[in-house]
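J.: Pasting upload_18.txt here (compact mmCIF, C-alpha atoms):
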```
# COMPACT_ATOMS: atom_id res chain seq x y z
CA MET N 8 -9.72 -19.55 16.44
CA THR N 9 -8.20 -18.97 19.85
CA SER N 10 -9.10 -21.40 22.61
CA PRO N 11 -10.25 -20.14 26.03
CA HIS N 12 -6.86 -21.26 27.37
CA ASP N 13 -4.82 -19.27 24.86
CA PRO N 14 -1.49 -18.27 26.51
CA ALA N 15 -1.51 -14.78 24.94
CA ARG N 16 -4.98 -14.10 26.29
CA ARG N 17 -3.90 -15.34 29.73
CA VAL N 18 -0.94 -12.92 29.71
CA VAL N 19 -3.19 -10.00 28.78
CA VAL N 20 -5.77 -10.87 31.44
CA THR N 21 -3.05 -11.38 34.08
CA ALA N 22 -1.46 -8.05 33.18
CA LEU N 23 -4.82 -6.31 33.46
CA ALA N 24 -5.44 -7.75 36.89
CA GLY N 25 -2.30 -6.04 38.17
CA LEU N 26 -3.05 -2.61 36.71
CA PRO N 27 -4.86 0.18 38.45
CA PHE N 28 -8.04 1.26 36.70
CA ILE N 29 -7.16 4.41 34.80
CA SER N 30 -8.53 6.05 31.71
CA LEU N 31 -7.01 4.63 28.55
CA THR N 32 -8.53 7.16 26.21
CA ALA N 33 -6.14 9.30 24.26
CA GLN N 34 -5.23 12.58 25.84
CA THR N 35 -5.95 15.19 23.23
CA SER N 36 -5.53 18.90 22.82
CA ASP N 37 -8.36 21.21 21.77
CA SER N 38 -7.63 20.37 18.11
CA GLY N 39 -8.15 16.65 18.79
CA ASP N 40 -4.54 15.76 18.10
CA VAL N 41 -2.28 13.63 20.29
CA GLN N 42 -0.35 15.35 23.04
CA ARG N 43 3.23 14.30 22.40
CA THR N 44 5.34 12.45 24.91
CA GLY N 45 8.39 12.63 22.67
CA SER N 46 7.96 9.06 21.47
CA ARG N 47 8.58 8.15 17.83
CA THR N 48 5.94 5.41 18.21
CA LEU N 49 2.19 5.92 18.09
CA VAL N 50 -0.54 3.56 19.23
CA ALA N 51 -3.68 4.44 17.26
CA TYR N 52 -6.80 2.38 17.93
CA PHE N 53 -10.52 2.10 17.44
CA SER N 54 -12.56 0.27 20.05
CA ARG N 55 -16.30 -0.12 20.35
CA SER N 56 -16.67 -2.39 23.37
CA GLY N 57 -13.36 -1.72 25.12
CA ASN N 58 -11.42 -4.90 24.23
CA THR N 59 -9.10 -3.18 21.74
CA ARG N 60 -8.72 -0.20 24.11
CA VAL N 61 -7.32 -2.54 26.77
CA VAL N 62 -4.69 -3.93 24.39
CA ALA N 63 -3.84 -0.39 23.23
CA GLY N 64 -3.32 0.69 26.83
CA LEU N 65 -0.97 -2.21 27.50
CA ILE N 66 1.16 -1.40 24.44
CA HIS N 67 1.13 2.31 25.34
CA ARG N 68 2.33 1.70 28.90
CA THR N 69 4.85 -0.99 27.97
CA PHE N 70 6.63 1.12 25.34
CA GLY N 71 5.86 4.65 26.57
CA THR N 72 4.22 5.58 23.27
CA ASP N 73 1.88 8.32 22.24
CA LEU N 74 -1.75 7.20 22.21
CA PHE N 75 -4.54 8.21 19.83
CA GLU N 76 -8.12 6.98 19.85
CA ILE N 77 -9.62 6.81 16.36
CA ARG N 78 -13.24 7.95 16.39
CA PRO N 79 -15.75 8.66 13.66
CA ALA N 80 -17.20 12.18 13.68
CA GLN N 81 -20.64 10.56 13.97
CA PRO N 82 -20.38 7.85 16.67
CA TYR N 83 -21.64 4.37 15.96
CA PRO N 84 -24.93 3.42 17.68
CA GLU N 85 -24.77 2.24 21.28
CA GLU N 86 -26.92 -0.80 20.44
CA TYR N 87 -24.77 -3.70 19.23
CA LEU N 88 -27.07 -4.99 16.47
CA GLU N 89 -27.58 -1.47 15.08
CA THR N 90 -23.80 -1.06 14.90
CA VAL N 91 -23.46 -4.41 13.12
CA GLU N 92 -26.02 -3.36 10.50
CA GLN N 93 -24.49 0.09 9.99
CA ALA N 94 -20.99 -1.40 9.63
CA ARG N 95 -22.30 -3.94 7.10
CA LEU N 96 -23.88 -1.20 5.01
CA GLU N 97 -20.72 0.92 5.17
CA ARG N 98 -18.56 -2.05 4.19
CA ASP N 99 -20.81 -3.05 1.29
CA ARG N 100 -20.85 0.53 -0.04
CA GLY N 101 -17.11 1.12 0.48
CA TYR N 102 -18.00 4.06 2.72
CA GLU N 103 -15.27 5.63 4.86
CA PRO N 104 -16.74 7.79 7.64
CA VAL N 105 -15.43 11.24 8.44
CA LEU N 106 -13.00 11.14 11.37
CA GLU N 107 -13.52 13.16 14.54
CA ALA N 108 -9.81 14.08 14.46
CA LYS N 109 -6.63 13.27 12.57
CA VAL N 110 -3.05 12.94 13.73
CA SER N 111 -1.58 16.24 12.50
CA ASN N 112 2.00 15.27 13.37
CA MET N 113 2.04 11.80 11.76
CA ALA N 114 5.36 12.59 10.04
CA THR N 115 7.13 12.52 13.43
CA TYR N 116 6.38 8.82 13.98
CA ASP N 117 8.47 5.89 12.75
CA THR N 118 6.24 3.09 14.04
CA ILE N 119 2.45 2.88 14.22
CA TYR N 120 0.68 0.20 16.24
CA LEU N 121 -2.81 0.13 14.74
CA GLY N 122 -5.57 -1.54 16.77
CA PHE N 123 -9.09 -2.46 15.77
CA PRO N 124 -11.76 -5.13 16.11
CA ILE N 125 -12.73 -7.28 13.14
CA TRP N 126 -16.21 -6.38 11.94
CA GLY N 127 -17.88 -8.64 9.39
CA GLU N 128 -14.58 -10.43 8.71
CA THR N 129 -12.80 -7.18 7.79
CA THR N 130 -11.46 -3.91 9.18
CA PRO N 131 -14.07 -1.43 10.40
CA PRO N 132 -14.81 1.38 7.91
CA VAL N 133 -13.36 3.94 10.35
CA ILE N 134 -9.95 2.20 10.11
CA ARG N 135 -10.01 2.42 6.32
CA ALA N 136 -10.84 6.13 6.75
CA PHE N 137 -7.90 6.56 9.15
CA LEU N 138 -5.50 4.88 6.71
CA SER N 139 -6.80 6.97 3.79
CA ALA N 140 -6.40 10.18 5.81
CA HIS N 141 -2.75 9.60 6.83
CA ASP N 142 0.41 9.08 4.81
CA LEU N 143 2.19 6.07 6.32
CA SER N 144 4.91 5.87 3.64
CA GLY N 145 8.08 4.33 5.06
CA LYS N 146 6.55 3.79 8.49
CA THR N 147 6.44 0.44 10.24
CA LEU N 148 2.79 -0.58 10.63
CA ILE N 149 2.03 -3.23 13.26
CA PRO N 150 -1.63 -4.25 13.61
CA PHE N 151 -3.23 -5.57 16.78
CA VAL N 152 -6.64 -7.06 16.31
CA THR N 153 -9.47 -8.30 18.49
CA HIS N 154 -12.12 -10.53 16.96
CA GLY N 155 -15.13 -12.66 17.77
CA GLY N 156 -13.74 -15.93 16.44
CA TYR N 157 -13.22 -15.00 12.80
CA GLY N 158 -9.49 -14.36 13.00
CA LEU N 159 -7.94 -11.60 10.91
CA GLY N 160 -10.47 -11.87 8.09
CA ASN N 161 -9.25 -9.89 5.09
CA SER N 162 -7.65 -7.18 7.24
CA PRO N 163 -4.07 -7.87 6.02
CA SER N 164 -5.09 -7.13 2.42
CA ILE N 165 -7.05 -4.02 3.50
CA LEU N 166 -4.02 -2.70 5.41
CA ALA N 167 -1.72 -3.43 2.46
CA SER N 168 -4.04 -1.70 -0.03
CA HIS N 169 -4.75 1.36 2.15
CA ALA N 170 -1.14 1.84 3.32
CA PRO N 171 0.82 0.46 0.34
CA LYS N 172 4.06 2.27 1.18
CA ALA N 173 4.10 1.29 4.86
CA GLN N 174 6.23 -1.59 6.08
CA LEU N 175 3.50 -3.95 7.26
CA ARG N 176 4.67 -6.30 10.02
CA PRO N 177 2.96 -9.28 11.63
CA GLY N 178 0.90 -8.19 14.56
CA PHE N 179 -1.18 -9.54 17.41
CA SER N 180 -4.61 -11.13 17.17
CA MET N 181 -6.86 -12.17 20.04
CA GLN N 182 -10.37 -13.51 20.28
CA ALA N 183 -12.39 -11.20 22.47
CA ASP N 184 -16.06 -11.76 21.79
CA GLN N 185 -17.73 -11.31 25.15
CA GLU N 186 -20.49 -9.08 23.78
CA ARG N 187 -21.63 -11.59 21.15
CA GLN N 188 -21.34 -14.50 23.59
CA THR N 189 -23.29 -12.57 26.22
CA MET N 190 -26.07 -11.80 23.75
CA GLU N 191 -26.25 -15.44 22.65
CA GLN N 192 -26.28 -16.75 26.23
CA VAL N 193 -28.89 -14.27 27.45
CA THR N 194 -31.06 -14.85 24.37
CA GLY N 195 -30.86 -18.61 24.95
CA TRP N 196 -31.74 -18.21 28.61
CA LEU N 197 -34.68 -15.93 27.77
CA LYS N 198 -35.98 -18.45 25.22
CA GLN N 199 -35.88 -21.15 27.90
CA ARG N 200 -37.68 -18.90 30.38
CA LYS N 201 -40.31 -18.02 27.77
CA GLN N 202 -40.92 -21.70 26.94
CA ARG N 203 -41.43 -22.47 30.63
CA THR N 204 -44.08 -19.77 30.98
CA GLU N 205 -46.09 -20.84 27.91
```
So that I can check it, write out the structure of this file as structure tokens.
T.:
Amino acid sequence: MTSPHDPARRVVVTALAGLPFISLTAQTSDSGDVQRTGSRTLVAYFSRSGNTRVVAGLIHRTFGTDLFEIRPAQPYPEEYLETVEQARLERDRGYEPVLEAKVSNMATYDTIYLGFPIWGETTPPVIRAFLSAHDLSGKTLIPFVTHGGYGLGNSPSILASHAPKAQLRPGFSMQADQERQTMEQVTGWLKQRKQRTE
């Protein structure tokens, strides 16, 4: 588990403070595919709350990569607890959701930075769907992961099994659990307020 004074987290937060606020979503054509910048490196990511999107944007700007946001065709619920339940059911059933779009020119990339949050101590179902939909044979696959204190979970084995011919490299992992902490803190505060009024 990463401490609140983690040096990597401090670097990311410091870098963000110096950046102008711009859209980090993938620029896509009408077909939903990445508009090419000529890079042989792709940053593909899935982000629900925005934490993974921030890391993806930093990698994209640092290396001048192409950028692709992975999205399910049917978006996850806005409500956090509903998303948690849906993801649990999908995980338990081995379900891989249909993707909103695929990277049609995947063969042109040598390196894929793949970003995602850890959900239920594993990769989100939409990431398994992305890996199943794309041939990453011979490509360098570098994960970057945000999590709520659970670390990488079983994501290394999921990546290895869903992209067996990719060259899996060690990646980046960072605790980024503001949403869960916020819910716990607000719930605790509301319980205290309720007890005072009874």
J.: Residues of range 99-156 of chain N within 10 Å of range 76-88 of chain N: nearest atom pair and distance (Å, one decimal) for each, counting only C-alpha atoms, sorted by chain and number, as JSON lines?
T.:
```
{"residue": "N:Glu103", "atom": "CA", "partner": "N:Pro79", "partner_atom": "CA", "distance": 9.3}
{"residue": "N:Pro104", "atom": "CA", "partner": "N:Pro79", "partner_atom": "CA", "distance": 6.2}
{"residue": "N:Val105", "atom": "CA", "partner": "N:Ala80", "partner_atom": "CA", "distance": 5.6}
{"residue": "N:Leu106", "atom": "CA", "partner": "N:Pro79", "partner_atom": "CA", "distance": 4.4}
{"residue": "N:Glu107", "atom": "CA", "partner": "N:Ala80", "partner_atom": "CA", "distance": 3.9}
{"residue": "N:Ala108", "atom": "CA", "partner": "N:Arg78", "partner_atom": "CA", "distance": 7.3}
{"residue": "N:Lys109", "atom": "CA", "partner": "N:Ile77", "partner_atom": "CA", "distance": 8.1}
{"residue": "N:Val110", "atom": "CA", "partner": "N:Ile77", "partner_atom": "CA", "distance": 9.4}
{"residue": "N:Leu121", "atom": "CA", "partner": "N:Ile77", "partner_atom": "CA", "distance": 9.7}
{"residue": "N:Gly122", "atom": "CA", "partner": "N:Ile77", "partner_atom": "CA", "distance": 9.3}
{"residue": "N:Phe123", "atom": "CA", "partner": "N:Ile77", "partner_atom": "CA", "distance": 9.3}
{"residue": "N:Pro132", "atom": "CA", "partner": "N:Pro79", "partner_atom": "CA", "distance": 9.3}
{"residue": "N:Val133", "atom": "CA", "partner": "N:Pro79", "partner_atom": "CA", "distance": 6.2}
{"residue": "N:Ile134", "atom": "CA", "partner": "N:Ile77", "partner_atom": "CA", "distance": 7.8}
{"residue": "N:Ala136", "atom": "CA", "partner": "N:Pro79", "partner_atom": "CA", "distance": 8.8}
{"residue": "N:Phe137", "atom": "CA", "partner": "N:Ile77", "partner_atom": "CA", "distance": 7.4}
```
J.: Within 8 Å of His169 in chain N, counting all atoms listed in the file, which residues show up once you throw out same-chain ones fewer than 4 positions away? Write them as a PyMOL selection string, please.
T.: chain N and resi 135+138-139+165
J.: If we count only C-alpha atoms, what is near Gly71 in chain N at a cut-off of 12 Å, once residues fewer than 5 positions away on the same chain are taken out, given as a list in words?
T.: Arg43, Thr44, Gly45, Ser46, Arg47, Thr48, Leu49, Val50, Ala63, Gly64, Leu65 and Ile66 of chain N
J.: I'd like the interatomic distance between CA of Pro150 in chain N and CA of Gly178 in chain N, to a tenth of an Å.
T.: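 These two atoms are separated by 4.8 Å.
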J.: Name all residues at most 7 Å from range 124-127 of chain N (count all atoms listed in the file; drop same-chain ones fewer than 2 positions away) and give them as a short mmCIF file (atom, residue, chain, number, x, y, z; two decimals) with C-alpha atoms, keeping the file's coordinate frame.
T.:
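Once everything was written out, this is out-v2.cif:
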```
data_model
loop_
_atom_site.label_atom_id
_atom_site.label_comp_id
_atom_site.auth_asym_id
_atom_site.auth_seq_id
_atom_site.Cartn_x
_atom_site.Cartn_y
_atom_site.Cartn_z
CA SER N 54 -12.56 0.27 20.05
CA THR N 59 -9.10 -3.18 21.74
CA ARG N 95 -22.30 -3.94 7.10
CA THR N 129 -12.80 -7.18 7.79
CA THR N 130 -11.46 -3.91 9.18
CA PRO N 131 -14.07 -1.43 10.40
CA VAL N 152 -6.64 -7.06 16.31
CA THR N 153 -9.47 -8.30 18.49
CA HIS N 154 -12.12 -10.53 16.96
CA LEU N 159 -7.94 -11.60 10.91
#
```
J.: Please measure the separation of CA of Arg100 in chain N and CA of Ala140 in chain N, giving the value in Å to one decimal.
T.: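 So the answer is 18.3 Å.
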J.: Taking all atoms listed in the file into account, which of N:Met113, N:Leu74, N:Ala183, N:Leu166 comes nearest His141 in chain N?
T.: N:Met113
J.: Starting from the incomplete input, reconstruct N, CA, C and O atoms of range 65-84 of chain N and report them as a PDB file, in the frame of the given file.
T.:
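Generated file (part_29.pdb):
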```pdb
ATOM      1  N   LEU N  65      -2.126  -1.389  27.124  1.00  0.00           N
ATOM      2  CA  LEU N  65      -0.970  -2.210  27.500  1.00  0.00           C
ATOM      3  C   LEU N  65       0.245  -1.885  26.639  1.00  0.00           C
ATOM      4  O   LEU N  65       1.365  -1.756  27.147  1.00  0.00           O
ATOM      5  N   ILE N  66       0.048  -1.748  25.343  1.00  0.00           N
ATOM      6  CA  ILE N  66       1.160  -1.400  24.440  1.00  0.00           C
ATOM      7  C   ILE N  66       1.682  -0.004  24.802  1.00  0.00           C
ATOM      8  O   ILE N  66       2.896   0.205  24.911  1.00  0.00           O
ATOM      9  N   HIS N  67       0.785   0.925  24.995  1.00  0.00           N
ATOM     10  CA  HIS N  67       1.130   2.310  25.340  1.00  0.00           C
ATOM     11  C   HIS N  67       1.995   2.362  26.608  1.00  0.00           C
ATOM     12  O   HIS N  67       3.045   3.013  26.630  1.00  0.00           O
ATOM     13  N   ARG N  68       1.574   1.678  27.644  1.00  0.00           N
ATOM     14  CA  ARG N  68       2.330   1.700  28.900  1.00  0.00           C
ATOM     15  C   ARG N  68       3.640   0.936  28.806  1.00  0.00           C
ATOM     16  O   ARG N  68       4.643   1.356  29.368  1.00  0.00           O
ATOM     17  N   THR N  69       3.642  -0.175  28.084  1.00  0.00           N
ATOM     18  CA  THR N  69       4.850  -0.990  27.970  1.00  0.00           C
ATOM     19  C   THR N  69       5.966  -0.237  27.247  1.00  0.00           C
ATOM     20  O   THR N  69       7.121  -0.283  27.658  1.00  0.00           O
ATOM     21  N   PHE N  70       5.618   0.463  26.163  1.00  0.00           N
ATOM     22  CA  PHE N  70       6.630   1.120  25.340  1.00  0.00           C
ATOM     23  C   PHE N  70       6.702   2.632  25.525  1.00  0.00           C
ATOM     24  O   PHE N  70       7.534   3.288  24.892  1.00  0.00           O
ATOM     25  N   GLY N  71       5.844   3.212  26.354  1.00  0.00           N
ATOM     26  CA  GLY N  71       5.860   4.650  26.570  1.00  0.00           C
ATOM     27  C   GLY N  71       5.551   5.446  25.312  1.00  0.00           C
ATOM     28  O   GLY N  71       6.174   6.472  25.040  1.00  0.00           O
ATOM     29  N   THR N  72       4.569   4.975  24.555  1.00  0.00           N
ATOM     30  CA  THR N  72       4.220   5.580  23.270  1.00  0.00           C
ATOM     31  C   THR N  72       3.239   6.720  23.426  1.00  0.00           C
ATOM     32  O   THR N  72       2.652   6.916  24.491  1.00  0.00           O
ATOM     33  N   ASP N  73       3.022   7.424  22.330  1.00  0.00           N
ATOM     34  CA  ASP N  73       1.880   8.320  22.240  1.00  0.00           C
ATOM     35  C   ASP N  73       0.647   7.450  21.995  1.00  0.00           C
ATOM     36  O   ASP N  73       0.776   6.314  21.518  1.00  0.00           O
ATOM     37  N   LEU N  74      -0.517   7.976  22.307  1.00  0.00           N
ATOM     38  CA  LEU N  74      -1.750   7.200  22.210  1.00  0.00           C
ATOM     39  C   LEU N  74      -2.821   8.048  21.544  1.00  0.00           C
ATOM     40  O   LEU N  74      -3.008   9.213  21.913  1.00  0.00           O
ATOM     41  N   PHE N  75      -3.512   7.472  20.566  1.00  0.00           N
ATOM     42  CA  PHE N  75      -4.540   8.210  19.830  1.00  0.00           C
ATOM     43  C   PHE N  75      -5.747   7.299  19.617  1.00  0.00           C
ATOM     44  O   PHE N  75      -5.607   6.223  19.045  1.00  0.00           O
ATOM     45  N   GLU N  76      -6.911   7.737  20.076  1.00  0.00           N
ATOM     46  CA  GLU N  76      -8.120   6.980  19.850  1.00  0.00           C
ATOM     47  C   GLU N  76      -8.776   7.446  18.557  1.00  0.00           C
ATOM     48  O   GLU N  76      -9.095   8.630  18.398  1.00  0.00           O
ATOM     49  N   ILE N  77      -8.979   6.527  17.631  1.00  0.00           N
ATOM     50  CA  ILE N  77      -9.620   6.810  16.360  1.00  0.00           C
ATOM     51  C   ILE N  77     -11.129   6.788  16.588  1.00  0.00           C
ATOM     52  O   ILE N  77     -11.655   5.799  17.088  1.00  0.00           O
ATOM     53  N   ARG N  78     -11.794   7.877  16.211  1.00  0.00           N
ATOM     54  CA  ARG N  78     -13.240   7.950  16.390  1.00  0.00           C
ATOM     55  C   ARG N  78     -13.882   8.554  15.157  1.00  0.00           C
ATOM     56  O   ARG N  78     -13.368   9.529  14.603  1.00  0.00           O
ATOM     57  N   PRO N  79     -15.025   8.008  14.748  1.00  0.00           N
ATOM     58  CA  PRO N  79     -15.750   8.660  13.660  1.00  0.00           C
ATOM     59  C   PRO N  79     -16.398   9.947  14.175  1.00  0.00           C
ATOM     60  O   PRO N  79     -16.716  10.048  15.362  1.00  0.00           O
ATOM     61  N   ALA N  80     -16.561  10.929  13.288  1.00  0.00           N
ATOM     62  CA  ALA N  80     -17.200  12.180  13.680  1.00  0.00           C
ATOM     63  C   ALA N  80     -18.623  11.925  14.186  1.00  0.00           C
ATOM     64  O   ALA N  80     -19.078  12.541  15.142  1.00  0.00           O
ATOM     65  N   GLN N  81     -19.315  10.989  13.549  1.00  0.00           N
ATOM     66  CA  GLN N  81     -20.640  10.560  13.970  1.00  0.00           C
ATOM     67  C   GLN N  81     -20.484   9.206  14.651  1.00  0.00           C
ATOM     68  O   GLN N  81     -20.207   8.217  13.977  1.00  0.00           O
ATOM     69  N   PRO N  82     -20.609   9.131  15.973  1.00  0.00           N
ATOM     70  CA  PRO N  82     -20.380   7.850  16.670  1.00  0.00           C
ATOM     71  C   PRO N  82     -21.306   6.735  16.175  1.00  0.00           C
ATOM     72  O   PRO N  82     -22.420   6.995  15.722  1.00  0.00           O
ATOM     73  N   TYR N  83     -20.810   5.525  16.284  1.00  0.00           N
ATOM     74  CA  TYR N  83     -21.640   4.370  15.960  1.00  0.00           C
ATOM     75  C   TYR N  83     -22.723   4.230  17.031  1.00  0.00           C
ATOM     76  O   TYR N  83     -22.546   4.683  18.165  1.00  0.00           O
ATOM     77  N   PRO N  84     -23.852   3.587  16.697  1.00  0.00           N
ATOM     78  CA  PRO N  84     -24.930   3.420  17.680  1.00  0.00           C
ATOM     79  C   PRO N  84     -24.458   2.660  18.918  1.00  0.00           C
ATOM     80  O   PRO N  84     -23.552   1.830  18.840  1.00  0.00           O
TER      81      PRO N  84
END
```
